[in-house]
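Below is one structure, written out as structure tokens; comments come after it.
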Amino acid sequence: MAAPMIKMLNVTKVFENGVVALDDVSVEIGKGELAFLTGPSGAGKSTFLKLITVEEKPTDGLVEVAGHDVGALRRRDIPYLRRRIGVVFQDFRLLSERTVLENVMLPLTILGLTPSEQRRRALQVLTVVGLAQRKDAKPLELSGGEQQRVAIARAIALDPAILLADEPTGNLDPDITWHVMKLFRVINARGTAVIIATHDYDVVKRMDARIIKILDGKVHRETAE
Ligand SMILES: Nc1ncnc2c1ncn2[C@@H]1O[C@H](COP(=O)(O)OP(=O)(O)OP(=O)(O)O)[C@@H](O)[C@H]1O
Ligand SMILES: [Mg+2]
């Protein structure tokens, strides 16, 4: 079997205040898989995602991302790993002074591509999310759902191996939520592993995807029910 894109083996995360956010978690997520991370507030979902982006390191156990043992990663190698991971948040985190196109170009600018190449790739991913025609708008001229689609375009601009979404539809209406979820499916079909943390269990049930349910820092169960 091919190596998993994400592997956690007996992972425990204890914060300095003594809170056990994750407790002996073992999970593998394959290349090109789509999985939901569910569980109540405080269950450990965001902590799970932060271990993947190396914002947090495990207290105990092994975390491997794209074949790299993150515990053994040198500080200067972390940015290279992060380039392979797109992240989307509940509050979009777009720059309000920049246009839609400029927001999506940002990760490409950091990569040092020529301006015309940045533009070309940004327009390409804006087309994927259906917003190329709004490229010159400012984020606050868009609806919440549209802003989230811009954030998703920015997250996939570098064609990441992994897309992480932390409560991405928490600020959206049910109809828009559904639209955004279908968009994650499209991105997943392009070959990106997608992990979506949400406590919106109704949405998850309708999606017919893998569900990893976390309760008190433990993987409670892994089924569609
Ligand atoms: N930096 C931190 N320092 C101390 N405790 C933390 C820290 N981050 C998270 N925690 C605690 O770890 C536990 C898990 O938090 P986490 O944010 O992973 O939960 P969550 O499932 O994402 O919750 P929510 O649905 O509310 O976003 C909680 O008890 C939280 O208070
Ligand atoms: Mg959270």
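Each chain of the structure tokens is named A, B, ... in the order shown, its residues numbered from 1; ligands are numbered from 1 in display order.
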
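With only C-alpha atoms taken into account, the protein and nucleic acid residues at most 10 Å from stretch 158-161 of chain A (excluding it and anything under 5 positions from it in its own chain) are A:Met5, A:Lys31, A:Gly32, A:Val65, A:Ala66, A:Leu81, A:Arg82, A:Arg83, A:Arg84, A:Ile85, A:Gly86, A:Val87, A:Val104, A:Met105, A:Pro107, A:Leu108, A:Leu111, A:Arg121, A:Ala122, A:Val125, A:Ala153, A:Ile187, A:Asn188, A:Arg190, A:Gly191, A:Thr192, A:Ala193, A:Val194.
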
Neighbour list for A:Glu146 as a PDB file with N, CA, C and O atoms, in the first residue's frame, cut-off 10 Å, only C-alpha atoms, skip fewer than 5 positions in-chain:
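So the final result, stored in out.pdb, reads:
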ATOM      1  N   PHE A  92     -12.509  33.170   7.238  1.00  0.00           N
ATOM      2  CA  PHE A  92     -11.976  33.457   5.888  1.00  0.00           C
ATOM      3  C   PHE A  92     -10.545  34.017   5.863  1.00  0.00           C
ATOM      4  O   PHE A  92      -9.728  33.599   5.072  1.00  0.00           O
ATOM      5  N   VAL A 129     -13.294  27.689  -8.310  1.00  0.00           N
ATOM      6  CA  VAL A 129     -14.313  28.008  -7.300  1.00  0.00           C
ATOM      7  C   VAL A 129     -15.455  28.852  -7.871  1.00  0.00           C
ATOM      8  O   VAL A 129     -16.369  29.249  -7.150  1.00  0.00           O
ATOM      9  N   GLY A 130     -15.395  29.138  -9.174  1.00  0.00           N
ATOM     10  CA  GLY A 130     -16.495  29.839  -9.842  1.00  0.00           C
ATOM     11  C   GLY A 130     -16.539  31.334  -9.583  1.00  0.00           C
ATOM     12  O   GLY A 130     -17.611  31.940  -9.605  1.00  0.00           O
ATOM     13  N   LEU A 131     -15.381  31.946  -9.343  1.00  0.00           N
ATOM     14  CA  LEU A 131     -15.385  33.376  -9.022  1.00  0.00           C
ATOM     15  C   LEU A 131     -14.421  34.214  -9.864  1.00  0.00           C
ATOM     16  O   LEU A 131     -14.080  35.335  -9.478  1.00  0.00           O
ATOM     17  N   ARG A 134     -15.331  37.793 -10.491  1.00  0.00           N
ATOM     18  CA  ARG A 134     -15.300  38.750  -9.374  1.00  0.00           C
ATOM     19  C   ARG A 134     -13.872  39.096  -8.963  1.00  0.00           C
ATOM     20  O   ARG A 134     -13.634  39.608  -7.877  1.00  0.00           O
ATOM     21  N   PRO A 139     -12.916  41.864  -0.941  1.00  0.00           N
ATOM     22  CA  PRO A 139     -13.618  40.810  -0.186  1.00  0.00           C
ATOM     23  C   PRO A 139     -14.940  41.251   0.441  1.00  0.00           C
ATOM     24  O   PRO A 139     -15.920  40.506   0.385  1.00  0.00           O
ATOM     25  N   LEU A 140     -14.980  42.477   0.991  1.00  0.00           N
ATOM     26  CA  LEU A 140     -16.195  42.877   1.699  1.00  0.00           C
ATOM     27  C   LEU A 140     -17.349  43.205   0.754  1.00  0.00           C
ATOM     28  O   LEU A 140     -18.480  43.418   1.190  1.00  0.00           O
ATOM     29  N   GLU A 141     -17.076  43.234  -0.558  1.00  0.00           N
ATOM     30  CA  GLU A 141     -18.159  43.388  -1.534  1.00  0.00           C
ATOM     31  C   GLU A 141     -18.789  42.041  -1.884  1.00  0.00           C
ATOM     32  O   GLU A 141     -19.707  41.971  -2.695  1.00  0.00           O
ATOM     33  N   ALA A 151     -11.186  32.238  -0.215  1.00  0.00           N
ATOM     34  CA  ALA A 151     -10.204  31.664   0.725  1.00  0.00           C
ATOM     35  C   ALA A 151      -9.798  30.257   0.286  1.00  0.00           C
ATOM     36  O   ALA A 151      -8.633  29.872   0.409  1.00  0.00           O
ATOM     37  N   ILE A 152     -10.755  29.518  -0.251  1.00  0.00           N
ATOM     38  CA  ILE A 152     -10.454  28.170  -0.736  1.00  0.00           C
ATOM     39  C   ILE A 152      -9.549  28.253  -1.967  1.00  0.00           C
ATOM     40  O   ILE A 152      -8.581  27.496  -2.092  1.00  0.00           O
ATOM     41  N   ILE A 176     -25.490  27.644   1.396  1.00  0.00           N
ATOM     42  CA  ILE A 176     -24.118  27.996   1.021  1.00  0.00           C
ATOM     43  C   ILE A 176     -23.155  26.935   1.552  1.00  0.00           C
ATOM     44  O   ILE A 176     -22.174  26.580   0.905  1.00  0.00           O
ATOM     45  N   VAL A 180     -20.315  24.919  -0.546  1.00  0.00           N
ATOM     46  CA  VAL A 180     -18.892  24.886  -0.180  1.00  0.00           C
ATOM     47  C   VAL A 180     -18.434  23.430   0.007  1.00  0.00           C
ATOM     48  O   VAL A 180     -17.332  23.054  -0.419  1.00  0.00           O
TER      49      VAL A 180
END

Exercise. Using only C-alpha atoms, which residues sit within 8 Å of A:Gly61 once same-chain residues fewer than 4 positions away are excluded, as a list in words?
Worked result: Met8, Leu9, Asn10, Val11, Thr12 and Asp24 of chain A

Give one line per residue of chain A that approaches ligand 1 to at most 8 Å, naming the two atoms of the closest pair and their distance in Å to one decimal, counting only C-alpha atoms and all ligand atoms; sort by chain then ascending residue number and deliver it as a tab-separated table.
residue	atom	partner	partner_atom_place_in_ligand_line	distance
A:Val14	CA	ligand 1	5 (N)	8.0
A:Phe15	CA	ligand 1	4 (C)	4.9
A:Glu16	CA	ligand 1	4 (C)	6.4
A:Asn17	CA	ligand 1	4 (C)	5.7
A:Gly18	CA	ligand 1	4 (C)	7.6
A:Val19	CA	ligand 1	5 (N)	5.6
A:Val20	CA	ligand 1	12 (O)	6.4
A:Ala21	CA	ligand 1	12 (O)	4.1
A:Leu22	CA	ligand 1	14 (C)	7.3
A:Thr38	CA	ligand 1	21 (O)	7.7
A:Gly39	CA	ligand 1	21 (O)	6.3
A:Pro40	CA	ligand 1	25 (O)	5.6
A:Ser41	CA	ligand 1	25 (O)	3.4
A:Gly42	CA	ligand 1	19 (O)	3.5
A:Ala43	CA	ligand 1	21 (O)	3.8
A:Gly44	CA	ligand 1	18 (O)	3.2
A:Lys45	CA	ligand 1	21 (O)	3.7
A:Ser46	CA	ligand 1	22 (O)	3.7
A:Thr47	CA	ligand 1	18 (O)	3.7
A:Phe48	CA	ligand 1	18 (O)	6.4
A:Asp166	CA	ligand 1	27 (O)	7.8
A:Glu167	CA	ligand 1	27 (O)	7.4
A:Ala197	CA	ligand 1	22 (O)	7.6
A:Thr198	CA	ligand 1	25 (O)	6.9
A:His199	CA	ligand 1	25 (O)	6.2
A:Ile214	CA	ligand 1	21 (O)	7.7
A:Asp216	CA	ligand 1	14 (C)	7.9
A:Gly217	CA	ligand 1	14 (C)	7.1

Exercise. Can you list, as a PyMOL selection string, every residue of stretch 125-158 of chain A that DSSP puts in helix (DSSP H, G or I)?
Worked result: chain A and resi 125-128+132-134+139-141+144-156

Write to file, as a compact mmCIF listing (two decimals), in the first residue's frame, the residues of the selection just made, with N, CA and C atoms.
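What landed in part_10.txt:
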# COMPACT_ATOMS: atom_id res chain seq x y z
N VAL A 125 -7.36 29.03 -10.38
CA VAL A 125 -8.05 28.51 -9.19
C VAL A 125 -9.34 29.29 -8.89
N LEU A 126 -9.39 30.56 -9.28
CA LEU A 126 -10.65 31.30 -9.11
C LEU A 126 -11.72 30.71 -10.03
N THR A 127 -11.31 30.19 -11.17
CA THR A 127 -12.25 29.52 -12.07
C THR A 127 -12.77 28.23 -11.42
N VAL A 128 -11.89 27.52 -10.74
CA VAL A 128 -12.30 26.28 -10.05
C VAL A 128 -13.42 26.57 -9.03
N ALA A 132 -14.02 33.69 -11.02
CA ALA A 132 -13.08 34.46 -11.86
C ALA A 132 -13.66 35.82 -12.24
N GLN A 133 -14.97 35.88 -12.42
CA GLN A 133 -15.59 37.15 -12.85
C GLN A 133 -15.61 38.20 -11.74
N ARG A 134 -15.33 37.79 -10.49
CA ARG A 134 -15.30 38.75 -9.37
C ARG A 134 -13.87 39.10 -8.96
N PRO A 139 -12.92 41.86 -0.94
CA PRO A 139 -13.62 40.81 -0.19
C PRO A 139 -14.94 41.25 0.44
N LEU A 140 -14.98 42.48 0.99
CA LEU A 140 -16.19 42.88 1.70
C LEU A 140 -17.35 43.21 0.75
N GLU A 141 -17.08 43.23 -0.56
CA GLU A 141 -18.16 43.39 -1.53
C GLU A 141 -18.79 42.04 -1.88
N GLY A 144 -20.70 36.05 2.26
CA GLY A 144 -19.87 35.17 3.09
C GLY A 144 -19.43 33.93 2.33
N GLY A 145 -20.38 33.33 1.61
CA GLY A 145 -20.05 32.12 0.85
C GLY A 145 -19.01 32.39 -0.23
N GLU A 146 -19.15 33.56 -0.87
CA GLU A 146 -18.17 33.92 -1.90
C GLU A 146 -16.79 34.18 -1.28
N GLN A 147 -16.79 34.83 -0.11
CA GLN A 147 -15.50 35.07 0.57
C GLN A 147 -14.83 33.75 0.93
N GLN A 148 -15.64 32.80 1.36
CA GLN A 148 -15.04 31.52 1.71
C GLN A 148 -14.48 30.82 0.46
N ARG A 149 -15.17 30.99 -0.67
CA ARG A 149 -14.66 30.38 -1.92
C ARG A 149 -13.35 31.04 -2.35
N VAL A 150 -13.22 32.34 -2.10
CA VAL A 150 -11.94 33.01 -2.39
C VAL A 150 -10.85 32.42 -1.49
N ALA A 151 -11.19 32.24 -0.21
CA ALA A 151 -10.20 31.66 0.72
C ALA A 151 -9.80 30.26 0.29
N ILE A 152 -10.75 29.52 -0.25
CA ILE A 152 -10.45 28.17 -0.74
C ILE A 152 -9.55 28.25 -1.97
N ALA A 153 -9.84 29.20 -2.85
CA ALA A 153 -8.98 29.38 -4.03
C ALA A 153 -7.55 29.70 -3.61
N ARG A 154 -7.41 30.58 -2.63
CA ARG A 154 -6.07 30.92 -2.13
C ARG A 154 -5.39 29.68 -1.53
N ALA A 155 -6.18 28.86 -0.83
CA ALA A 155 -5.60 27.67 -0.19
C ALA A 155 -5.14 26.62 -1.20
N ILE A 156 -5.75 26.61 -2.39
CA ILE A 156 -5.36 25.59 -3.38
C ILE A 156 -4.44 26.16 -4.47

Pull the closest atom pair for each residue of stretch 11-61 of chain A that gets at most 12 Å from stretch 73-77 of chain A, along with the distance in Å to one decimal, counting only C-alpha atoms, ordering rows by chain and then ascending residue number, as JSON lines.
{"residue": "A:Thr53", "atom": "CA", "partner": "A:Leu73", "partner_atom": "CA", "distance": 12.0}
{"residue": "A:Val54", "atom": "CA", "partner": "A:Leu73", "partner_atom": "CA", "distance": 9.4}
{"residue": "A:Glu55", "atom": "CA", "partner": "A:Arg75", "partner_atom": "CA", "distance": 11.4}
{"residue": "A:Lys57", "atom": "CA", "partner": "A:Leu73", "partner_atom": "CA", "distance": 10.5}

How about saving the chosen residues, C-alpha atoms kept, as a PDB file, in the first residue's frame?
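out_23.pdb was written with the following content:
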ATOM      1  CA  THR A  53       0.529  22.137  10.077  1.00  0.00           C
ATOM      2  CA  VAL A  54       3.223  21.799  12.782  1.00  0.00           C
ATOM      3  CA  GLU A  55       1.789  24.735  14.727  1.00  0.00           C
ATOM      4  CA  LYS A  57       4.076  19.278  18.219  1.00  0.00           C
TER       5      LYS A  57
END

Problem set entry | Atom pair atom CA of A:Glu28 / atom CA of A:Ile212: separation (Å) |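 Straight-line distance from atom CA of A:Glu28 to atom CA of A:Ile212 works out to 10.5 Å.
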